[in-house]
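K.L.:
If it helps, the file is called data36.cif and holds mmCIF, C-alpha atoms:
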data_run
loop_
_atom_site.label_atom_id
_atom_site.label_comp_id
_atom_site.auth_asym_id
_atom_site.auth_seq_id
_atom_site.Cartn_x
_atom_site.Cartn_y
_atom_site.Cartn_z
CA MET X 1 104.98 113.07 114.87
CA MET X 2 102.87 111.55 112.07
CA LYS X 3 105.66 112.09 109.56
CA GLY X 4 108.05 110.06 111.72
CA LYS X 5 105.60 107.19 112.15
CA LEU X 6 104.85 107.15 108.43
CA ALA X 7 108.58 107.03 107.62
CA GLN X 8 109.03 104.18 110.14
CA LEU X 9 106.16 102.23 108.61
CA ASP X 10 107.47 102.87 105.10
CA THR X 11 110.95 101.65 106.08
CA ALA X 12 109.53 98.56 107.81
CA LEU X 13 107.48 97.73 104.70
CA TYR X 14 110.54 98.26 102.52
CA PHE X 15 112.52 95.69 104.51
CA ALA X 16 109.57 93.29 104.46
CA VAL X 17 109.54 93.36 100.64
CA PHE X 18 113.21 93.96 99.76
CA THR X 19 115.11 90.73 99.08
CA PRO X 20 118.84 91.13 99.71
CA SER X 21 119.93 87.99 97.86
CA PRO X 22 120.65 88.89 94.21
CA LYS X 23 119.98 85.29 93.14
CA HIS X 24 116.55 85.04 94.75
CA TRP X 25 114.10 84.04 91.97
CA TRP X 26 111.59 86.79 92.82
CA ARG X 27 114.31 89.41 92.56
CA MET X 28 115.15 88.25 89.02
CA VAL X 29 111.46 88.42 88.04
CA ALA X 30 111.28 91.87 89.66
CA LEU X 31 114.27 93.05 87.64
CA GLY X 32 112.50 92.02 84.43
CA LEU X 33 109.28 93.74 85.49
CA SER X 34 111.19 96.86 86.44
CA LYS X 35 112.92 97.00 83.06
CA SER X 36 109.57 96.57 81.27
CA GLY X 37 108.62 99.94 82.78
CA ASN X 38 111.66 101.82 81.42
CA GLY X 39 109.61 103.66 78.80
CA GLY X 40 110.76 102.33 75.43
CA LEU X 41 107.94 99.82 75.41
CA TYR X 42 105.43 102.65 75.84
CA VAL X 43 106.57 104.39 72.66
CA LEU X 44 106.60 101.22 70.57
CA LEU X 45 103.20 100.11 71.78
CA ALA X 46 101.64 103.54 71.19
CA ILE X 47 103.01 103.65 67.63
CA GLY X 48 101.84 100.09 66.98
CA CYS X 49 98.36 100.86 68.32
CA ALA X 50 98.13 104.06 66.26
CA ILE X 51 99.06 102.15 63.10
CA PHE X 52 97.18 98.88 63.54
CA LEU X 53 94.14 99.85 65.59
CA GLU X 54 93.29 102.85 63.43
CA GLN X 55 90.99 105.37 65.17
CA LEU X 56 90.95 103.52 68.51
CA GLY X 57 94.75 103.26 68.52
CA GLN X 58 95.19 106.88 67.50
CA THR X 59 92.88 108.04 70.27
CA PHE X 60 94.82 105.90 72.74
CA ALA X 61 98.16 107.33 71.55
CA ILE X 62 96.89 110.92 71.86
CA THR X 63 95.54 110.18 75.33
CA ALA X 64 98.81 108.60 76.47
CA VAL X 65 100.91 111.49 75.12
CA LEU X 66 98.66 114.04 76.84
CA ALA X 67 98.75 112.05 80.10
CA PHE X 68 102.56 111.94 80.04
CA ALA X 69 102.66 115.67 79.20
CA LEU X 70 100.65 116.26 82.39
CA GLU X 71 102.54 113.76 84.56
CA ARG X 72 106.18 114.49 83.71
CA PRO X 73 106.32 118.10 85.00
CA ILE X 74 104.63 117.04 88.25
CA TYR X 75 107.07 114.14 88.58
CA PHE X 76 110.17 116.31 88.05
CA TYR X 77 108.89 119.02 90.38
CA LEU X 78 108.16 116.55 93.19
CA LYS X 79 111.46 114.67 92.73
CA LYS X 80 113.46 117.87 93.18
CA ARG X 81 111.20 119.42 95.82
CA ILE X 82 110.94 116.38 98.11
CA ALA X 83 114.48 115.09 97.42
CA ARG X 84 113.97 111.83 99.32
CA VAL X 85 117.13 109.73 99.30
CA ARG X 86 116.72 106.24 97.87
CA PRO X 87 116.79 103.29 100.28
CA CYS X 88 119.78 101.79 98.45
CA ASP X 89 121.71 104.94 99.38
CA CYS X 90 120.54 104.91 103.03
CA PHE X 91 121.14 101.31 104.01
CA SER X 92 123.89 98.79 103.46
CA GLN X 93 121.79 96.70 101.06
CA LYS X 94 122.85 97.04 97.44
CA ALA X 95 120.18 97.60 94.78
CA LEU X 96 119.95 95.17 91.89
CA LEU X 97 120.16 98.03 89.41
CA THR X 98 121.53 101.54 89.25
CA PRO X 99 118.75 104.15 89.37
CA GLY X 100 118.69 106.98 86.85
CA ASP X 101 118.73 109.67 89.54
CA LYS X 102 119.40 110.01 93.25
CA PHE X 103 115.93 110.70 94.61
CA SER X 104 113.12 108.22 95.18
CA LEU X 105 109.81 110.03 95.71
CA PRO X 106 107.77 109.66 93.56
CA SER X 107 108.54 106.53 91.57
CA GLY X 108 108.59 107.42 87.88
CA HIS X 109 108.38 103.76 86.84
CA SER X 110 105.28 103.33 88.97
CA ALA X 111 103.72 106.55 87.62
CA GLY X 112 104.45 105.58 84.02
CA ALA X 113 103.19 102.01 84.36
CA TRP X 114 99.91 103.03 86.01
CA LEU X 115 99.42 105.91 83.59
CA TYR X 116 99.93 103.65 80.59
CA ALA X 117 97.86 100.79 82.00
CA THR X 118 94.99 103.17 82.79
CA CYS X 119 95.04 104.75 79.31
CA LEU X 120 95.27 101.41 77.51
CA ALA X 121 92.61 99.77 79.69
CA GLU X 122 90.26 102.66 78.87
CA HIS X 123 90.60 101.93 75.15
CA LEU X 124 90.98 98.14 75.31
CA PRO X 125 88.98 97.09 78.40
CA ILE X 126 89.52 93.40 77.66
CA LEU X 127 93.16 93.94 78.69
CA SER X 128 92.32 95.64 82.00
CA VAL X 129 93.20 92.77 84.33
CA PRO X 130 96.57 91.90 82.74
CA LEU X 131 97.46 95.60 82.55
CA LEU X 132 96.64 96.17 86.21
CA ILE X 133 98.66 93.09 87.20
CA TRP X 134 101.59 94.36 85.11
CA ALA X 135 101.44 97.89 86.57
CA SER X 136 101.29 96.42 90.08
CA GLY X 137 104.27 94.23 89.26
CA VAL X 138 106.31 97.15 87.94
CA SER X 139 105.52 99.14 91.09
CA LEU X 140 106.33 96.30 93.50
CA SER X 141 109.48 95.46 91.56
CA ARG X 142 110.94 98.88 92.30
CA VAL X 143 110.85 98.05 96.02
CA VAL X 144 112.06 94.48 95.53
CA VAL X 145 115.13 95.58 93.55
CA GLY X 146 115.95 98.11 96.27
CA VAL X 147 115.49 101.54 94.63
CA HIS X 148 112.19 102.70 96.18
CA TYR X 149 110.24 102.69 99.39
CA PRO X 150 106.60 101.48 99.23
CA LEU X 151 105.26 105.04 99.65
CA ASP X 152 107.27 106.13 96.59
CA VAL X 153 105.47 103.64 94.37
CA VAL X 154 102.04 104.37 95.88
CA VAL X 155 102.47 108.10 95.19
CA GLY X 156 103.73 107.29 91.69
CA ALA X 157 100.74 105.04 91.02
CA LEU X 158 98.30 107.72 92.21
CA MET X 159 100.00 110.29 90.00
CA GLY X 160 99.86 107.98 87.00
CA VAL X 161 96.20 107.07 87.44
CA GLY X 162 95.28 110.70 88.15
CA CYS X 163 97.04 112.11 85.08
CA ALA X 164 95.69 109.32 82.88
CA SER X 165 92.15 109.92 84.13
CA LEU X 166 92.45 113.65 83.47
CA ALA X 167 93.80 113.00 79.95
CA ILE X 168 91.01 110.48 79.24
CA GLY X 169 88.46 113.09 80.29
CA LEU X 170 90.06 115.85 78.22
CA VAL X 171 90.37 113.71 75.08
CA GLY X 172 86.78 112.53 75.60
CA MET X 173 85.59 116.14 75.40
CA LEU X 174 87.08 116.55 71.89
#
What is this structure when it is put down as structure tokens?

P.N.:
Amino acid sequence: MMKGKLAQLDTALYFAVFTPSPKHWWRMVALGLSKSGNGGLYVLLAIGCAIFLEQLGQTFAITAVLAFALERPIYFYLKKRIARVRPCDCFSQKALLTPGDKFSLPSGHSAGAWLYATCLAEHLPILSVPLLIWASGVSLSRVVVGVHYPLDVVVGALMGVGCASLAIGLVGML
């Protein structure tokens, strides 16, 4: 009973956020935000921090690598176990991009963005607000471009923050 109501709410929220017009300005912004969470930026930024911010940057890079090492197996397990079909494959609306796999829960982009934002904000607190806005934008963008339901990105965000927090705690004990 609850599962059905949750799915109905999730679908209703999806249609409230999803913009079917490919030329809608917000959808173009969302596509850019979504692509910023593809992962390549994470590697470049971690290397740059490790080189230019010395000890602080190296600690951040170690924390981020550990956090991803914790998050990725959970992500892959849940993707295969839950096997939730993406909204772009359930409804007639076409997504603005082609997803990398066929399942939607959890959102890997959302998990990665929140993980990275949490780790970086821990080490560079002055960037906390812009990082949280960016992570929120990446998460929301995945719904706007049509590849995730809202619950997918919420679960991804919780996974990202949780794994980052655990990694921050573990690295802090060293």

K.L.:
To one decimal in Å, tell me the separation between atom CA of X:Arg27 and atom CA of X:Thr98.

P.N.:
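According to the coordinates, atom CA of X:Arg27 and atom CA of X:Thr98 are separated by 14.5 Å.
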
K.L.:
Using all atoms listed in the file, which of X:Val17, X:Gly37, X:Leu9, X:Leu132 sits nearest X:Val145?

P.N.:
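Nearest to X:Val145: X:Val17.
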
K.L.:
Considering all atoms listed in the file, tabulate each residue of stretch 58-125 of chain X that lies at most 10 Å from stretch 153-160 of chain X along with its nearest interatomic pair and the corresponding distance in Å to one decimal; arrange the rows by chain and ascending residue number and present them as a tab-separated table.

P.N.:
residue	atom	partner	partner_atom	distance
X:Ala67	CA	X:Gly160	CA	8.1
X:Phe68	CA	X:Gly160	CA	8.5
X:Leu70	CA	X:Gly160	CA	9.5
X:Glu71	CA	X:Gly160	CA	6.8
X:Arg72	CA	X:Gly160	CA	9.7
X:Ile74	CA	X:Met159	CA	8.4
X:Tyr75	CA	X:Met159	CA	8.2
X:Ser104	CA	X:Val153	CA	9.0
X:Leu105	CA	X:Val155	CA	7.6
X:Pro106	CA	X:Gly156	CA	5.0
X:Ser107	CA	X:Gly156	CA	4.9
X:Gly108	CA	X:Gly156	CA	6.2
X:His109	CA	X:Gly156	CA	7.6
X:Ser110	CA	X:Gly156	CA	5.0
X:Ala111	CA	X:Gly156	CA	4.1
X:Gly112	CA	X:Gly160	CA	6.0
X:Ala113	CA	X:Gly160	CA	7.3
X:Trp114	CA	X:Gly160	CA	5.0
X:Leu115	CA	X:Gly160	CA	4.0
X:Tyr116	CA	X:Gly160	CA	7.7
X:Ala117	CA	X:Gly160	CA	9.0
X:Thr118	CA	X:Gly160	CA	8.0
X:Cys119	CA	X:Gly160	CA	9.6

K.L.:
In Å, with one decimal, what is the gap from atom CA of X:Leu166 to atom CA of X:Glu122?

P.N.:
12.1 Å

K.L.:
Please evaluate the PyMOL selection byres ((chain X and resi 87) around 12) against the structure above and give the resulting residues as a VMD selection string.

P.N.:
chain X and resid 7 10 to 15 18 84 to 86 88 to 95 99 102 to 105 142 to 152

K.L.:
Of the candidates X:Gly162, X:Gly100, X:Gly169, X:Pro130, which shows the shortest atom-to-atom distance to X:Asn38, using all atoms listed in the file?

P.N.:
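The closest residue to X:Asn38 is X:Gly100.
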
K.L.:
I would like the residues chosen by the PyMOL selection byres ((chain X and resi 61-65) around 8) on the shown file; could you give them as a PyMOL selection string?

P.N.:
chain X and resi 46-47+49-50+57-60+66-69+115-116+119+164+167-168+171

K.L.:
Please indicate the distance in Å from atom CA of X:Arg81 to atom CA of X:Ser165, rounded to one decimal place.

P.N.:
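About the pair atom CA of X:Arg81 and atom CA of X:Ser165: they are 24.3 Å apart.
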
K.L.:
Between X:Leu97, X:Val161, X:Leu120, X:Leu170, which one has atoms that come closest to X:Gly32, using all atoms listed in the file?

P.N.:
X:Leu97

K.L.:
Given 6 Å on each side, where is the centre and what are the edge lengths in Å to one decimal of the axis-aligned box enclosing the listed atoms of stretch 94-113 of chain X, as lines of an AutoDock Vina configuration file?

P.N.:
center_x = 113.0
center_y = 102.9
center_z = 90.7
size_x = 31.7
size_y = 27.5
size_z = 25.4
